[in-house]
Amino acid sequence: MFMPVANSPGCPFTLGTSGDGNHAEASFLRAAGPAPSVILPGGLRARAIVSGQLARRLLLNSAVSRDARMHSRLYVDGELNVDGVIGTWVSTHNALNSYGEDHRRLRRPLAAALAHRQVKTMEPLIGSVVRAALDEIDRSPEKTIDLMDQYARKVPLGVMASLLGIRESLRNSFQRASSGLFATDLPPSQAAAHHHTMSQLLSDLIAEKRQHPDDDLASDLIAAADQEDQALSDAELRDQILLLISAGTETTVTSIATLLADLLGHPEEMSKITEGAATLEDALEESLRRHGPIASVPLRFAVTDFTDEATGESFEAGEPILINFASAGRDEELHGPTAPLYDITRPTSREHLAFGLGAHLCPGAPLARRETLIAVREWLHRFPKTRLAPGGATPLPSWITNGYAELRVTPRGSEDR
Ligand code: HEM
């Protein structure tokens with residue numbers, strides 16, 4: 001049976017908490033093999049899956065589970081070191097952290113709620129959120145702005161808050177608590193405080209929607225949860241809405257910022273779009289491949305002892321597994337030696353795992369793609385002379401997401417107002 005080991009320097013490799021070197025770290029790990037042992041912040045040993053091909057096989061393998069309660073005896077006994085941010089991601093009970101029939105029960109209402117509101121019908125909402133944010137920037141006298149705060153964070157939050165029916169006055173509180181769930185450099189007490197705040201906000205939202213149901217996703221999920229054949233407890237319902245907010249906002253914030261930063265930083269690739277040699281959709285897929293918003297989402301566990309035949313890598317029942325989704329996009333085996341370069345006409349751009357694969361494949365991918373494309377297209381239309389401010393890109397301190405804390409740009413280029 002799998003037993004955790006104490007932290008040690010060298011091998012197994014100790015993962016950094018700051019998140020500013022996620023790609024360098026993944027590249028170093030790929031050189032060590034497809035599934036090296038790593039020590040996660042907090043001291044937990046896990047197998048980091050950094051090979052794209054192995055990640056694909058494990059995501060499709062029912063011998064790998066996201067449910068700690070079902071498949072980690074050490075977790076159940078309280079002996080698995082999952083404090084702080086890892087604890088928050090592992091301990092919730094929702095579609096993400098479930099397995100088999102339980103997963104199908106929890107995923108069904110989410111997938112149905114997202115499908116019910118066909119992404120096409122969400123386009124006017126996305127457009128109005130985008131235009132409101134652009135109008136505000138247009139009115140601002142500032143020459144250089146933080147694109148994260150003034151644009152990228154506003155769009156997915158505005159869309160998600162409208163879909164869920166979250167009141168305007170509570171939106172910033174939700175945004176702050178949601179960002180906190182991705183910060184991996186916080187002490188455990190602060191990570192727990194973010195989780196606690198989010199749980200409280202969600203309990204209040206559920207109570208409000210139970211009393212005054214409306215035409216929104218939160219009310220739909222509550223109605224589905226109350227149906228007898230798929231009844232969900234209040235805690236499960238809270239964790240499901242938490243999943244939608246955490247999975248649907250910070251990730252899309254990052255894909256908007258990354259696509260804009262990639263295009264502004266590579267004028268020769270932008271020209272391919274203006275000259276008709278490629279589309280904005282091509283550029284988005286290349287950005288998702290090269291700098292996927294999600295690096296790793298803790299945590300998976302081996303259901304039984306098993307060996308991956310192609311690599312000979314063996315896993316012990318209960319062993320923690322961390323799939324590195326972003327590493328798959330940089331894997332030279334899949335994308336060749338130019339994998340780190342940004343090339344929107346690359347034939348393998350669409351072969352990425354940015355949205356996962358298999359049972360937990362992201363059900364929000366069509367919405368995320370639409371939001372990102374609308375936000376970036378409208379930005380480039382409104383501010384075609386935008387320049388990146390030199391040294392203005394600061395990575396978010398997180399090994400879960402590849403986001404930016406700050407991205408400074410001059411929307412009107414060198415032109416003075
Ligand atoms: C660019 C933006 C996005 C990225 C990169 C992304 C990425 C991912 C990934 C990698 C997973 C699988 C995690 C795993 O298997 O461990 C996932 C699952 C999920 N995502 Fe997304 N996501 C994005 C946007 C969204 C949006 C907009 C929504 C909802 C409106 C959403 C809802 C979900 C849900 C509910 C799951 C869990 C599904 C399950 O476990 O069955 N995501 N996402």
# chains A, B, ... in the order shown; residues from 1 in each chain; ligands from 1
$ residues_around --residues "segment 116-133 of chain A" --least-positions-apart "4" --cutoff "12 Å" --atoms "only C-alpha atoms" --output "JSON, numbers by chain"
{"A": [108, 109, 110, 111, 112, 137, 138, 139, 140, 147, 148, 149, 150, 151, 152, 153, 154, 155, 156, 157, 158, 159, 160, 161, 162, 163, 164, 215, 216, 217, 220, 221, 256, 363, 364, 365, 366, 367, 368, 369, 370, 371, 372, 373, 374, 375, 376, 377, 378, 379, 381, 382]}
$ residues_near_ligand --ligand "ligand 1" --cutoff "7 Å" --atoms "only C-alpha atoms and all ligand atoms" --output "PyMOL selection string"
chain A and resi 95-97+103+107+110+114+160+243-244+247-249+251-252+254-255+292-294+297+325+353-357+359-365+367-369
$ select_by_dssp --residues "segment 206-330 of chain A" --states "helix (DSSP H, G or I)" --output "PyMOL selection string"
chain A and resi 206-211+217-225+228-230+234-248+250-265+267-274+280-290+325-329
$ closest_atom_pairs --of "segment 38-136 of chain A" --to "segment 394-416 of chain A" --cutoff "10 Å" --atoms "only C-alpha atoms" --output "JSON lines"
{"residue": "A:Leu40", "atom": "CA", "partner": "A:Trp399", "partner_atom": "CA", "distance": 10.0}
{"residue": "A:Pro41", "atom": "CA", "partner": "A:Trp399", "partner_atom": "CA", "distance": 9.8}
{"residue": "A:Val85", "atom": "CA", "partner": "A:Ile400", "partner_atom": "CA", "distance": 9.5}
{"residue": "A:Ile86", "atom": "CA", "partner": "A:Ile400", "partner_atom": "CA", "distance": 9.6}
$ decode --residues "segment 298-313 of chain A" --atoms "all heavy atoms" --output "PDB file, in the first residue's frame"
ATOM      1  N   PRO A 298      -5.198  19.448  -8.105  1.00  0.00           N
ATOM      2  CA  PRO A 298      -5.089  18.356  -7.141  1.00  0.00           C
ATOM      3  C   PRO A 298      -6.450  17.701  -6.927  1.00  0.00           C
ATOM      4  O   PRO A 298      -7.431  18.444  -6.870  1.00  0.00           O
ATOM      5  CB  PRO A 298      -4.623  19.045  -5.859  1.00  0.00           C
ATOM      6  CG  PRO A 298      -4.579  20.518  -6.139  1.00  0.00           C
ATOM      7  CD  PRO A 298      -4.981  20.771  -7.532  1.00  0.00           C
ATOM      8  N   LEU A 299      -6.576  16.405  -6.885  1.00  0.00           N
ATOM      9  CA  LEU A 299      -5.575  15.363  -6.851  1.00  0.00           C
ATOM     10  C   LEU A 299      -6.249  14.089  -7.325  1.00  0.00           C
ATOM     11  O   LEU A 299      -7.450  13.938  -7.171  1.00  0.00           O
ATOM     12  CB  LEU A 299      -5.099  15.218  -5.392  1.00  0.00           C
ATOM     13  CG  LEU A 299      -3.745  14.604  -5.094  1.00  0.00           C
ATOM     14  CD1 LEU A 299      -2.586  15.327  -5.760  1.00  0.00           C
ATOM     15  CD2 LEU A 299      -3.512  14.637  -3.569  1.00  0.00           C
ATOM     16  N   ARG A 300      -5.517  13.155  -7.866  1.00  0.00           N
ATOM     17  CA  ARG A 300      -6.090  11.857  -8.230  1.00  0.00           C
ATOM     18  C   ARG A 300      -5.414  10.756  -7.414  1.00  0.00           C
ATOM     19  O   ARG A 300      -4.349  10.982  -6.831  1.00  0.00           O
ATOM     20  CB  ARG A 300      -5.894  11.589  -9.732  1.00  0.00           C
ATOM     21  CG  ARG A 300      -6.810  12.397 -10.627  1.00  0.00           C
ATOM     22  CD  ARG A 300      -6.510  12.152 -12.100  1.00  0.00           C
ATOM     23  NE  ARG A 300      -7.658  12.451 -12.940  1.00  0.00           N
ATOM     24  CZ  ARG A 300      -8.051  13.659 -13.319  1.00  0.00           C
ATOM     25  NH1 ARG A 300      -7.386  14.721 -12.907  1.00  0.00           N
ATOM     26  NH2 ARG A 300      -9.106  13.830 -14.085  1.00  0.00           N
ATOM     27  N   PHE A 301      -6.029   9.552  -7.418  1.00  0.00           N
ATOM     28  CA  PHE A 301      -5.497   8.427  -6.655  1.00  0.00           C
ATOM     29  C   PHE A 301      -5.621   7.155  -7.487  1.00  0.00           C
ATOM     30  O   PHE A 301      -6.629   6.964  -8.193  1.00  0.00           O
ATOM     31  CB  PHE A 301      -6.278   8.248  -5.343  1.00  0.00           C
ATOM     32  CG  PHE A 301      -6.208   9.458  -4.460  1.00  0.00           C
ATOM     33  CD1 PHE A 301      -7.121  10.497  -4.605  1.00  0.00           C
ATOM     34  CD2 PHE A 301      -5.199   9.600  -3.517  1.00  0.00           C
ATOM     35  CE1 PHE A 301      -7.042  11.646  -3.830  1.00  0.00           C
ATOM     36  CE2 PHE A 301      -5.104  10.740  -2.734  1.00  0.00           C
ATOM     37  CZ  PHE A 301      -6.033  11.771  -2.888  1.00  0.00           C
ATOM     38  N   ALA A 302      -4.608   6.279  -7.383  1.00  0.00           N
ATOM     39  CA  ALA A 302      -4.708   4.979  -8.052  1.00  0.00           C
ATOM     40  C   ALA A 302      -5.756   4.155  -7.307  1.00  0.00           C
ATOM     41  O   ALA A 302      -5.736   4.067  -6.077  1.00  0.00           O
ATOM     42  CB  ALA A 302      -3.356   4.279  -8.032  1.00  0.00           C
ATOM     43  N   VAL A 303      -6.695   3.573  -8.077  1.00  0.00           N
ATOM     44  CA  VAL A 303      -7.774   2.785  -7.467  1.00  0.00           C
ATOM     45  C   VAL A 303      -7.240   1.417  -7.038  1.00  0.00           C
ATOM     46  O   VAL A 303      -7.607   0.882  -5.992  1.00  0.00           O
ATOM     47  CB  VAL A 303      -8.934   2.629  -8.490  1.00  0.00           C
ATOM     48  CG1 VAL A 303     -10.015   1.685  -7.985  1.00  0.00           C
ATOM     49  CG2 VAL A 303      -9.537   4.002  -8.813  1.00  0.00           C
ATOM     50  N   THR A 304      -6.375   0.846  -7.894  1.00  0.00           N
ATOM     51  CA  THR A 304      -5.746  -0.459  -7.600  1.00  0.00           C
ATOM     52  C   THR A 304      -4.266  -0.347  -7.982  1.00  0.00           C
ATOM     53  O   THR A 304      -3.863   0.635  -8.590  1.00  0.00           O
ATOM     54  CB  THR A 304      -6.342  -1.569  -8.487  1.00  0.00           C
ATOM     55  OG1 THR A 304      -6.210  -1.144  -9.857  1.00  0.00           O
ATOM     56  CG2 THR A 304      -7.787  -1.852  -8.187  1.00  0.00           C
ATOM     57  N   ASP A 305      -3.493  -1.392  -7.682  1.00  0.00           N
ATOM     58  CA  ASP A 305      -2.126  -1.446  -8.227  1.00  0.00           C
ATOM     59  C   ASP A 305      -2.269  -1.636  -9.730  1.00  0.00           C
ATOM     60  O   ASP A 305      -3.067  -2.471 -10.167  1.00  0.00           O
ATOM     61  CB  ASP A 305      -1.370  -2.667  -7.679  1.00  0.00           C
ATOM     62  CG  ASP A 305      -1.057  -2.532  -6.190  1.00  0.00           C
ATOM     63  OD1 ASP A 305      -1.334  -1.461  -5.616  1.00  0.00           O
ATOM     64  OD2 ASP A 305      -0.546  -3.519  -5.622  1.00  0.00           O
ATOM     65  N   PHE A 306      -1.541  -0.879 -10.532  1.00  0.00           N
ATOM     66  CA  PHE A 306      -1.564  -1.125 -11.973  1.00  0.00           C
ATOM     67  C   PHE A 306      -0.292  -0.603 -12.628  1.00  0.00           C
ATOM     68  O   PHE A 306       0.436   0.207 -12.038  1.00  0.00           O
ATOM     69  CB  PHE A 306      -2.814  -0.509 -12.647  1.00  0.00           C
ATOM     70  CG  PHE A 306      -2.794   0.991 -12.760  1.00  0.00           C
ATOM     71  CD1 PHE A 306      -2.328   1.609 -13.916  1.00  0.00           C
ATOM     72  CD2 PHE A 306      -3.235   1.792 -11.719  1.00  0.00           C
ATOM     73  CE1 PHE A 306      -2.308   3.002 -14.027  1.00  0.00           C
ATOM     74  CE2 PHE A 306      -3.214   3.176 -11.820  1.00  0.00           C
ATOM     75  CZ  PHE A 306      -2.751   3.780 -12.975  1.00  0.00           C
ATOM     76  N   THR A 307      -0.032  -1.121 -13.849  1.00  0.00           N
ATOM     77  CA  THR A 307       1.157  -0.694 -14.597  1.00  0.00           C
ATOM     78  C   THR A 307       0.716  -0.179 -15.958  1.00  0.00           C
ATOM     79  O   THR A 307      -0.136  -0.785 -16.612  1.00  0.00           O
ATOM     80  CB  THR A 307       2.117  -1.897 -14.786  1.00  0.00           C
ATOM     81  OG1 THR A 307       2.491  -2.368 -13.484  1.00  0.00           O
ATOM     82  CG2 THR A 307       3.371  -1.494 -15.551  1.00  0.00           C
ATOM     83  N   ASP A 308       1.268   0.952 -16.357  1.00  0.00           N
ATOM     84  CA  ASP A 308       1.017   1.470 -17.706  1.00  0.00           C
ATOM     85  C   ASP A 308       1.980   0.740 -18.640  1.00  0.00           C
ATOM     86  O   ASP A 308       3.204   0.912 -18.528  1.00  0.00           O
ATOM     87  CB  ASP A 308       1.278   2.982 -17.737  1.00  0.00           C
ATOM     88  CG  ASP A 308       1.218   3.527 -19.154  1.00  0.00           C
ATOM     89  OD1 ASP A 308       0.115   3.517 -19.737  1.00  0.00           O
ATOM     90  OD2 ASP A 308       2.275   3.931 -19.690  1.00  0.00           O
ATOM     91  N   GLU A 309       1.416  -0.073 -19.537  1.00  0.00           N
ATOM     92  CA  GLU A 309       2.279  -0.961 -20.330  1.00  0.00           C
ATOM     93  C   GLU A 309       3.241  -0.204 -21.235  1.00  0.00           C
ATOM     94  O   GLU A 309       4.404  -0.586 -21.379  1.00  0.00           O
ATOM     95  CB  GLU A 309       1.424  -1.922 -21.160  1.00  0.00           C
ATOM     96  CG  GLU A 309       0.917  -3.054 -20.290  1.00  0.00           C
ATOM     97  CD  GLU A 309       0.181  -4.108 -21.062  1.00  0.00           C
ATOM     98  OE1 GLU A 309       0.256  -4.105 -22.299  1.00  0.00           O
ATOM     99  OE2 GLU A 309      -0.473  -4.938 -20.393  1.00  0.00           O
ATOM    100  N   ALA A 310       2.786   0.897 -21.838  1.00  0.00           N
ATOM    101  CA  ALA A 310       3.637   1.609 -22.805  1.00  0.00           C
ATOM    102  C   ALA A 310       4.900   2.177 -22.155  1.00  0.00           C
ATOM    103  O   ALA A 310       5.947   2.240 -22.789  1.00  0.00           O
ATOM    104  CB  ALA A 310       2.834   2.717 -23.467  1.00  0.00           C
ATOM    105  N   THR A 311       4.809   2.625 -20.904  1.00  0.00           N
ATOM    106  CA  THR A 311       5.979   3.243 -20.263  1.00  0.00           C
ATOM    107  C   THR A 311       6.606   2.335 -19.198  1.00  0.00           C
ATOM    108  O   THR A 311       7.719   2.594 -18.750  1.00  0.00           O
ATOM    109  CB  THR A 311       5.579   4.546 -19.542  1.00  0.00           C
ATOM    110  OG1 THR A 311       4.509   4.228 -18.629  1.00  0.00           O
ATOM    111  CG2 THR A 311       5.126   5.610 -20.513  1.00  0.00           C
ATOM    112  N   GLY A 312       5.849   1.311 -18.749  1.00  0.00           N
ATOM    113  CA  GLY A 312       6.336   0.457 -17.658  1.00  0.00           C
ATOM    114  C   GLY A 312       6.185   1.122 -16.296  1.00  0.00           C
ATOM    115  O   GLY A 312       6.636   0.584 -15.281  1.00  0.00           O
ATOM    116  N   GLU A 313       5.547   2.291 -16.225  1.00  0.00           N
ATOM    117  CA  GLU A 313       5.365   2.988 -14.932  1.00  0.00           C
ATOM    118  C   GLU A 313       4.305   2.264 -14.101  1.00  0.00           C
ATOM    119  O   GLU A 313       3.200   1.995 -14.586  1.00  0.00           O
ATOM    120  CB  GLU A 313       4.915   4.436 -15.146  1.00  0.00           C
ATOM    121  CG  GLU A 313       5.915   5.327 -15.826  1.00  0.00           C
ATOM    122  CD  GLU A 313       7.090   5.696 -14.924  1.00  0.00           C
ATOM    123  OE1 GLU A 313       6.950   5.625 -13.687  1.00  0.00           O
ATOM    124  OE2 GLU A 313       8.148   6.050 -15.477  1.00  0.00           O
TER     125      GLU A 313
END
